[in-house]
$ cat upload09.cif   # mmCIF, C-alpha atoms
data_protein
loop_
_atom_site.group_PDB
_atom_site.id
_atom_site.type_symbol
_atom_site.label_atom_id
_atom_site.label_comp_id
_atom_site.auth_asym_id
_atom_site.auth_seq_id
_atom_site.Cartn_x
_atom_site.Cartn_y
_atom_site.Cartn_z
ATOM 1 C CA MET Y 21 -10.228 -31.145 18.638
ATOM 2 C CA LYS Y 22 -10.533 -28.006 16.527
ATOM 3 C CA SER Y 23 -12.531 -28.007 13.314
ATOM 4 C CA SER Y 24 -10.858 -26.975 10.074
ATOM 5 C CA PHE Y 25 -12.809 -23.688 10.194
ATOM 6 C CA ASP Y 26 -11.335 -22.954 13.649
ATOM 7 C CA LYS Y 27 -7.821 -23.747 12.402
ATOM 8 C CA ILE Y 28 -8.210 -21.426 9.405
ATOM 9 C CA TYR Y 29 -9.762 -18.718 11.612
ATOM 10 C CA ASP Y 30 -6.879 -18.958 14.090
ATOM 11 C CA ALA Y 31 -4.292 -18.861 11.281
ATOM 12 C CA LEU Y 32 -5.904 -15.806 9.660
ATOM 13 C CA ARG Y 33 -5.980 -13.847 12.920
ATOM 14 C CA SER Y 34 -2.481 -14.808 14.083
ATOM 15 C CA VAL Y 35 0.217 -12.297 14.895
ATOM 16 C CA LYS Y 36 2.744 -14.511 13.083
ATOM 17 C CA LEU Y 37 0.832 -14.074 9.825
ATOM 18 C CA ALA Y 38 0.647 -10.312 10.411
ATOM 19 C CA VAL Y 39 4.418 -10.118 10.928
ATOM 20 C CA VAL Y 40 5.144 -12.156 7.782
ATOM 21 C CA LEU Y 41 2.774 -9.991 5.743
ATOM 22 C CA LEU Y 42 4.263 -6.776 7.136
ATOM 23 C CA VAL Y 43 7.798 -7.940 6.304
ATOM 24 C CA LEU Y 44 6.749 -8.839 2.749
ATOM 25 C CA LEU Y 45 4.938 -5.514 2.328
ATOM 26 C CA ALA Y 46 8.042 -3.704 3.600
ATOM 27 C CA LEU Y 47 10.248 -5.599 1.118
ATOM 28 C CA PHE Y 48 7.950 -4.646 -1.742
ATOM 29 C CA ALA Y 49 7.947 -1.018 -0.567
ATOM 30 C CA ILE Y 50 11.755 -0.996 -0.389
ATOM 31 C CA ALA Y 51 11.933 -2.484 -3.885
ATOM 32 C CA GLY Y 52 9.500 0.211 -5.066
ATOM 33 C CA GLY Y 53 11.776 2.869 -3.588
ATOM 34 C CA ILE Y 54 14.934 1.470 -5.167
ATOM 35 C CA VAL Y 55 13.674 0.437 -8.614
ATOM 36 C CA PRO Y 56 12.467 3.341 -10.806
ATOM 37 C CA GLN Y 57 8.714 3.052 -11.326
ATOM 38 C CA GLY Y 58 6.631 3.185 -14.498
ATOM 39 C CA LYS Y 59 9.383 2.940 -17.097
ATOM 40 C CA PRO Y 60 9.042 0.904 -20.328
ATOM 41 C CA ALA Y 61 10.265 -2.725 -20.305
ATOM 42 C CA ASP Y 62 13.315 -1.793 -22.424
ATOM 43 C CA PHE Y 63 14.529 0.473 -19.618
ATOM 44 C CA TYR Y 64 14.632 -2.415 -17.117
ATOM 45 C CA LEU Y 65 16.180 -4.824 -19.636
ATOM 46 C CA SER Y 66 19.043 -2.394 -20.312
ATOM 47 C CA ARG Y 67 19.471 -1.062 -16.765
ATOM 48 C CA PHE Y 68 19.244 -4.424 -14.978
ATOM 49 C CA PRO Y 69 20.961 -7.021 -17.168
ATOM 50 C CA GLY Y 70 20.448 -10.689 -16.410
ATOM 51 C CA PRO Y 71 17.730 -12.214 -14.251
ATOM 52 C CA GLU Y 72 17.081 -9.004 -12.298
ATOM 53 C CA SER Y 73 15.106 -7.439 -15.146
ATOM 54 C CA ALA Y 74 13.006 -10.595 -15.546
ATOM 55 C CA ILE Y 75 12.220 -10.584 -11.803
ATOM 56 C CA ILE Y 76 11.333 -6.876 -11.884
ATOM 57 C CA LEU Y 77 8.957 -7.327 -14.811
ATOM 58 C CA ARG Y 78 7.512 -10.690 -13.687
ATOM 59 C CA PHE Y 79 6.575 -9.544 -10.171
ATOM 60 C CA GLY Y 80 5.455 -6.050 -11.190
ATOM 61 C CA ILE Y 81 8.257 -4.283 -9.338
ATOM 62 C CA ASP Y 82 8.235 -1.721 -12.166
ATOM 63 C CA HIS Y 83 4.855 -0.595 -10.757
ATOM 64 C CA VAL Y 84 5.019 -2.031 -7.232
ATOM 65 C CA PHE Y 85 2.152 -0.272 -5.521
ATOM 66 C CA SER Y 86 -0.409 -1.247 -8.144
ATOM 67 C CA SER Y 87 0.993 -4.737 -8.862
ATOM 68 C CA ILE Y 88 -1.099 -7.836 -8.228
ATOM 69 C CA PRO Y 89 1.382 -9.393 -5.702
ATOM 70 C CA PHE Y 90 1.458 -6.182 -3.622
ATOM 71 C CA LEU Y 91 -2.316 -5.812 -3.728
ATOM 72 C CA LEU Y 92 -2.789 -9.481 -2.758
ATOM 73 C CA LEU Y 93 -0.420 -9.043 0.203
ATOM 74 C CA SER Y 94 -2.257 -5.848 1.167
ATOM 75 C CA SER Y 95 -5.597 -7.656 0.947
ATOM 76 C CA ALA Y 96 -4.303 -10.542 3.060
ATOM 77 C CA PHE Y 97 -3.042 -8.045 5.651
ATOM 78 C CA VAL Y 98 -6.422 -6.270 5.733
ATOM 79 C CA LEU Y 99 -8.170 -9.650 6.114
ATOM 80 C CA ASN Y 100 -5.794 -10.552 8.966
ATOM 81 C CA LEU Y 101 -6.426 -7.204 10.691
ATOM 82 C CA THR Y 102 -10.182 -7.435 10.170
ATOM 83 C CA ILE Y 103 -10.454 -10.929 11.639
ATOM 84 C CA CYS Y 104 -8.149 -10.031 14.524
ATOM 85 C CA THR Y 105 -10.145 -6.860 15.249
ATOM 86 C CA PHE Y 106 -13.455 -8.730 15.087
ATOM 87 C CA HIS Y 107 -12.102 -11.398 17.460
ATOM 88 C CA ARG Y 108 -10.775 -8.778 19.894
ATOM 89 C CA LEU Y 109 -13.936 -6.661 19.796
ATOM 90 C CA THR Y 110 -16.212 -9.604 20.522
ATOM 91 C CA GLY Y 111 -13.995 -10.464 23.484
ATOM 92 C CA GLU Y 112 -13.855 -6.873 24.730
ATOM 93 C CA PHE Y 113 -17.614 -6.322 24.518
ATOM 94 C CA SER Y 114 -18.196 -9.405 26.660
ATOM 95 C CA LYS Y 115 -16.259 -7.715 29.514
ATOM 96 C CA PRO Y 116 -17.763 -5.212 31.940
ATOM 97 C CA ARG Y 117 -17.698 -1.637 30.637
ATOM 98 C CA GLY Y 118 -14.926 -0.407 32.957
ATOM 99 C CA LYS Y 119 -12.530 -3.247 32.093
ATOM 100 C CA ARG Y 120 -12.581 -2.813 28.310
ATOM 101 C CA ARG Y 121 -9.472 -1.716 26.442
ATOM 102 C CA HIS Y 122 -10.035 -0.546 22.876
ATOM 103 C CA GLY Y 123 -6.608 0.937 22.055
ATOM 104 C CA PRO Y 124 -5.489 -1.988 19.858
ATOM 105 C CA ASP Y 125 -8.911 -2.065 18.180
ATOM 106 C CA ILE Y 126 -8.705 1.616 17.268
ATOM 107 C CA LEU Y 127 -5.181 1.047 15.931
ATOM 108 C CA HIS Y 128 -6.378 -1.922 13.862
ATOM 109 C CA LEU Y 129 -9.342 -0.007 12.472
ATOM 110 C CA GLY Y 130 -7.051 2.894 11.571
ATOM 111 C CA LEU Y 131 -4.690 0.533 9.736
ATOM 112 C CA ILE Y 132 -7.621 -1.041 7.885
ATOM 113 C CA VAL Y 133 -8.851 2.393 6.742
ATOM 114 C CA LEU Y 134 -5.290 3.324 5.733
ATOM 115 C CA MET Y 135 -4.872 0.104 3.721
ATOM 116 C CA PHE Y 136 -8.224 0.539 1.954
ATOM 117 C CA GLY Y 137 -7.245 4.101 1.091
ATOM 118 C CA ALA Y 138 -3.860 2.974 -0.240
ATOM 119 C CA VAL Y 139 -5.371 0.230 -2.400
ATOM 120 C CA LEU Y 140 -8.092 2.558 -3.664
ATOM 121 C CA THR Y 141 -5.509 5.213 -4.506
ATOM 122 C CA ALA Y 142 -3.251 2.691 -6.264
ATOM 123 C CA ARG Y 143 -6.128 1.452 -8.411
ATOM 124 C CA THR Y 144 -7.856 4.756 -9.249
ATOM 125 C CA ARG Y 145 -5.209 7.492 -9.335
ATOM 126 C CA THR Y 146 -4.288 9.325 -12.502
ATOM 127 C CA GLU Y 147 -1.056 11.140 -13.250
ATOM 128 C CA THR Y 148 -0.576 13.855 -15.815
ATOM 129 C CA THR Y 149 2.590 15.701 -16.744
ATOM 130 C CA ILE Y 150 2.249 19.158 -18.224
ATOM 131 C CA ASN Y 151 5.264 21.069 -19.523
ATOM 132 C CA LEU Y 152 4.724 24.812 -19.668
ATOM 133 C CA ARG Y 153 6.857 27.855 -20.435
ATOM 134 C CA LYS Y 154 6.242 31.264 -18.928
ATOM 135 C CA GLY Y 155 2.922 32.615 -20.210
ATOM 136 C CA GLU Y 156 1.681 29.258 -21.577
ATOM 137 C CA SER Y 157 -1.512 27.568 -20.413
ATOM 138 C CA ALA Y 158 -3.017 24.095 -20.463
ATOM 139 C CA ASP Y 159 -6.467 22.614 -19.951
ATOM 140 C CA LEU Y 160 -6.762 20.182 -17.039
ATOM 141 C CA PRO Y 161 -8.825 16.971 -17.206
ATOM 142 C CA ASP Y 162 -11.509 18.458 -14.918
ATOM 143 C CA GLY Y 163 -12.064 21.367 -17.350
ATOM 144 C CA ALA Y 164 -10.031 23.931 -15.387
ATOM 145 C CA LYS Y 165 -7.248 25.928 -17.027
ATOM 146 C CA ILE Y 166 -3.756 26.386 -15.588
ATOM 147 C CA VAL Y 167 -1.483 29.289 -16.584
ATOM 148 C CA LEU Y 168 2.214 29.578 -15.739
ATOM 149 C CA VAL Y 169 2.536 33.242 -14.750
ATOM 150 C CA ASP Y 170 6.116 33.334 -13.462
ATOM 151 C CA THR Y 171 8.981 31.105 -12.325
ATOM 152 C CA THR Y 172 11.731 31.624 -9.802
ATOM 153 C CA TYR Y 173 14.997 29.706 -9.749
ATOM 154 C CA GLU Y 174 16.543 29.230 -6.323
ATOM 155 C CA GLN Y 175 19.841 27.565 -5.579
ATOM 156 C CA TYR Y 176 21.161 26.666 -2.166
ATOM 157 C CA PRO Y 177 24.889 26.747 -1.359
#

$ encode --input "upload09.cif" --output "structure tokens"
Amino acid sequence: MKSSFDKIYDALRSVKLAVVLLVLLALFAIAGGIVPQGKPADFYLSRFPGPESAIILRFGIDHVFSSIPFLLLSSAFVLNLTICTFHRLTGEFSKPRGKRRHGPDILHLGLIVLMFGAVLTARTRTETTINLRKGESADLPDGAKIVLVDTTYEQYP
């Protein structure tokens, strides 16, 4: 009979959990693509009357990629990938050198790095909007100066 640690370990490394987490992450990403991001609460209350605005604001869909539910799902997915990769690697290294297959492990490690980068970006990025007219300049946060020298308007048929 399996111990409770073994049951939790097996659940955390399961493909079923990975699929559920991926589907939920995809749903959040779709919501983030459909719902305008970073607007004030009044915008969502007027644009989405009824319970939709409450759902958007409650679950952080107004800032999906830095919301707590999205970051928790991302963290759970990284934990699932990490445990699965650890389990696979320990199994692969016990095999003779010529019989090892590390393709899935490399894929998992790449996804883990990608997820850490996404979470880090979501938590530490800064956005600045600067409106300039021709000949105007602005100081950037890093101390550099930007000058708008010229503009070109192009229109496609």

$ resolve_selection --input "upload09.cif" --expression "the PyMOL selection byres ((chain Y and resi 155) around 12)" --output "NGL selection string"
:Y and (151-154 or 156-158 or 166-171)

$ closest_atom_pairs --input "upload09.cif" --of "region 27-91 of chain Y" --to "region 119-138 of chain Y" --cutoff "10 Å" --atoms "only C-alpha atoms" --output "CSV"
residue,atom,partner,partner_atom,distance
Y:Phe85,CA,Y:Ala138,CA,8.6
Y:Ser86,CA,Y:Ala138,CA,9.6
Y:Leu91,CA,Y:Ala138,CA,9.6

$ resolve_selection --input "upload09.cif" --expression "the PyMOL selection byres ((chain Y and resi 27-43) around 9)" --output "list in words"
Lys22, Ser23, Ser24, Phe25, Asp26, Leu44, Leu45, Ala46, Leu47, Phe48, Leu93, Ser94, Ala96, Phe97, Leu99, Asn100, Leu101, Thr102, Ile103, Cys104, Thr105 and His107 of chain Y

$ atom_distance --input "upload09.cif" --atom1 "CA of Val98 (chain Y)" --atom2 "CA of Val139 (chain Y)"
10.5 Å

$ resolve_selection --input "upload09.cif" --expression "the PyMOL selection byres ((chain Y and resi 50-62) around 6)" --output "PyMOL selection string"
chain Y and resi 47-49+63-65+82-84

$ decode --input "upload09.cif" --residues "region 26-57 of chain Y" --atoms "C-alpha atoms" --output "compact mmCIF listing (two decimals), in the first residue's frame"
# COMPACT_ATOMS: atom_id res chain seq x y z
CA ASP Y 26 3.74 8.53 -2.53
CA LYS Y 27 0.13 9.36 -3.42
CA ILE Y 28 0.83 13.11 -3.35
CA TYR Y 29 4.07 12.61 -5.32
CA ASP Y 30 2.25 10.57 -7.97
CA ALA Y 31 -0.57 13.14 -8.20
CA LEU Y 32 1.87 16.05 -8.57
CA ARG Y 33 3.80 14.36 -11.38
CA SER Y 34 0.76 13.07 -13.27
CA VAL Y 35 0.04 13.90 -16.89
CA LYS Y 36 -3.63 14.38 -15.99
CA LEU Y 37 -2.72 17.25 -13.66
CA ALA Y 38 -0.49 18.76 -16.36
CA VAL Y 39 -3.34 18.66 -18.89
CA VAL Y 40 -5.81 20.25 -16.45
CA LEU Y 41 -3.32 22.99 -15.60
CA LEU Y 42 -2.53 23.63 -19.27
CA VAL Y 43 -6.23 23.92 -20.11
CA LEU Y 44 -6.78 26.37 -17.24
CA LEU Y 45 -3.72 28.40 -18.24
CA ALA Y 46 -5.00 28.49 -21.83
CA LEU Y 47 -8.43 29.69 -20.65
CA PHE Y 48 -6.83 32.47 -18.63
CA ALA Y 49 -4.67 33.43 -21.62
CA ILE Y 50 -7.72 33.52 -23.90
CA ALA Y 51 -9.56 35.67 -21.36
CA GLY Y 52 -6.51 37.97 -21.22
CA GLY Y 53 -6.63 38.29 -25.01
CA ILE Y 54 -10.35 39.05 -25.13
CA VAL Y 55 -10.76 41.32 -22.09
CA PRO Y 56 -8.88 44.65 -22.33
CA GLN Y 57 -6.09 44.71 -19.74
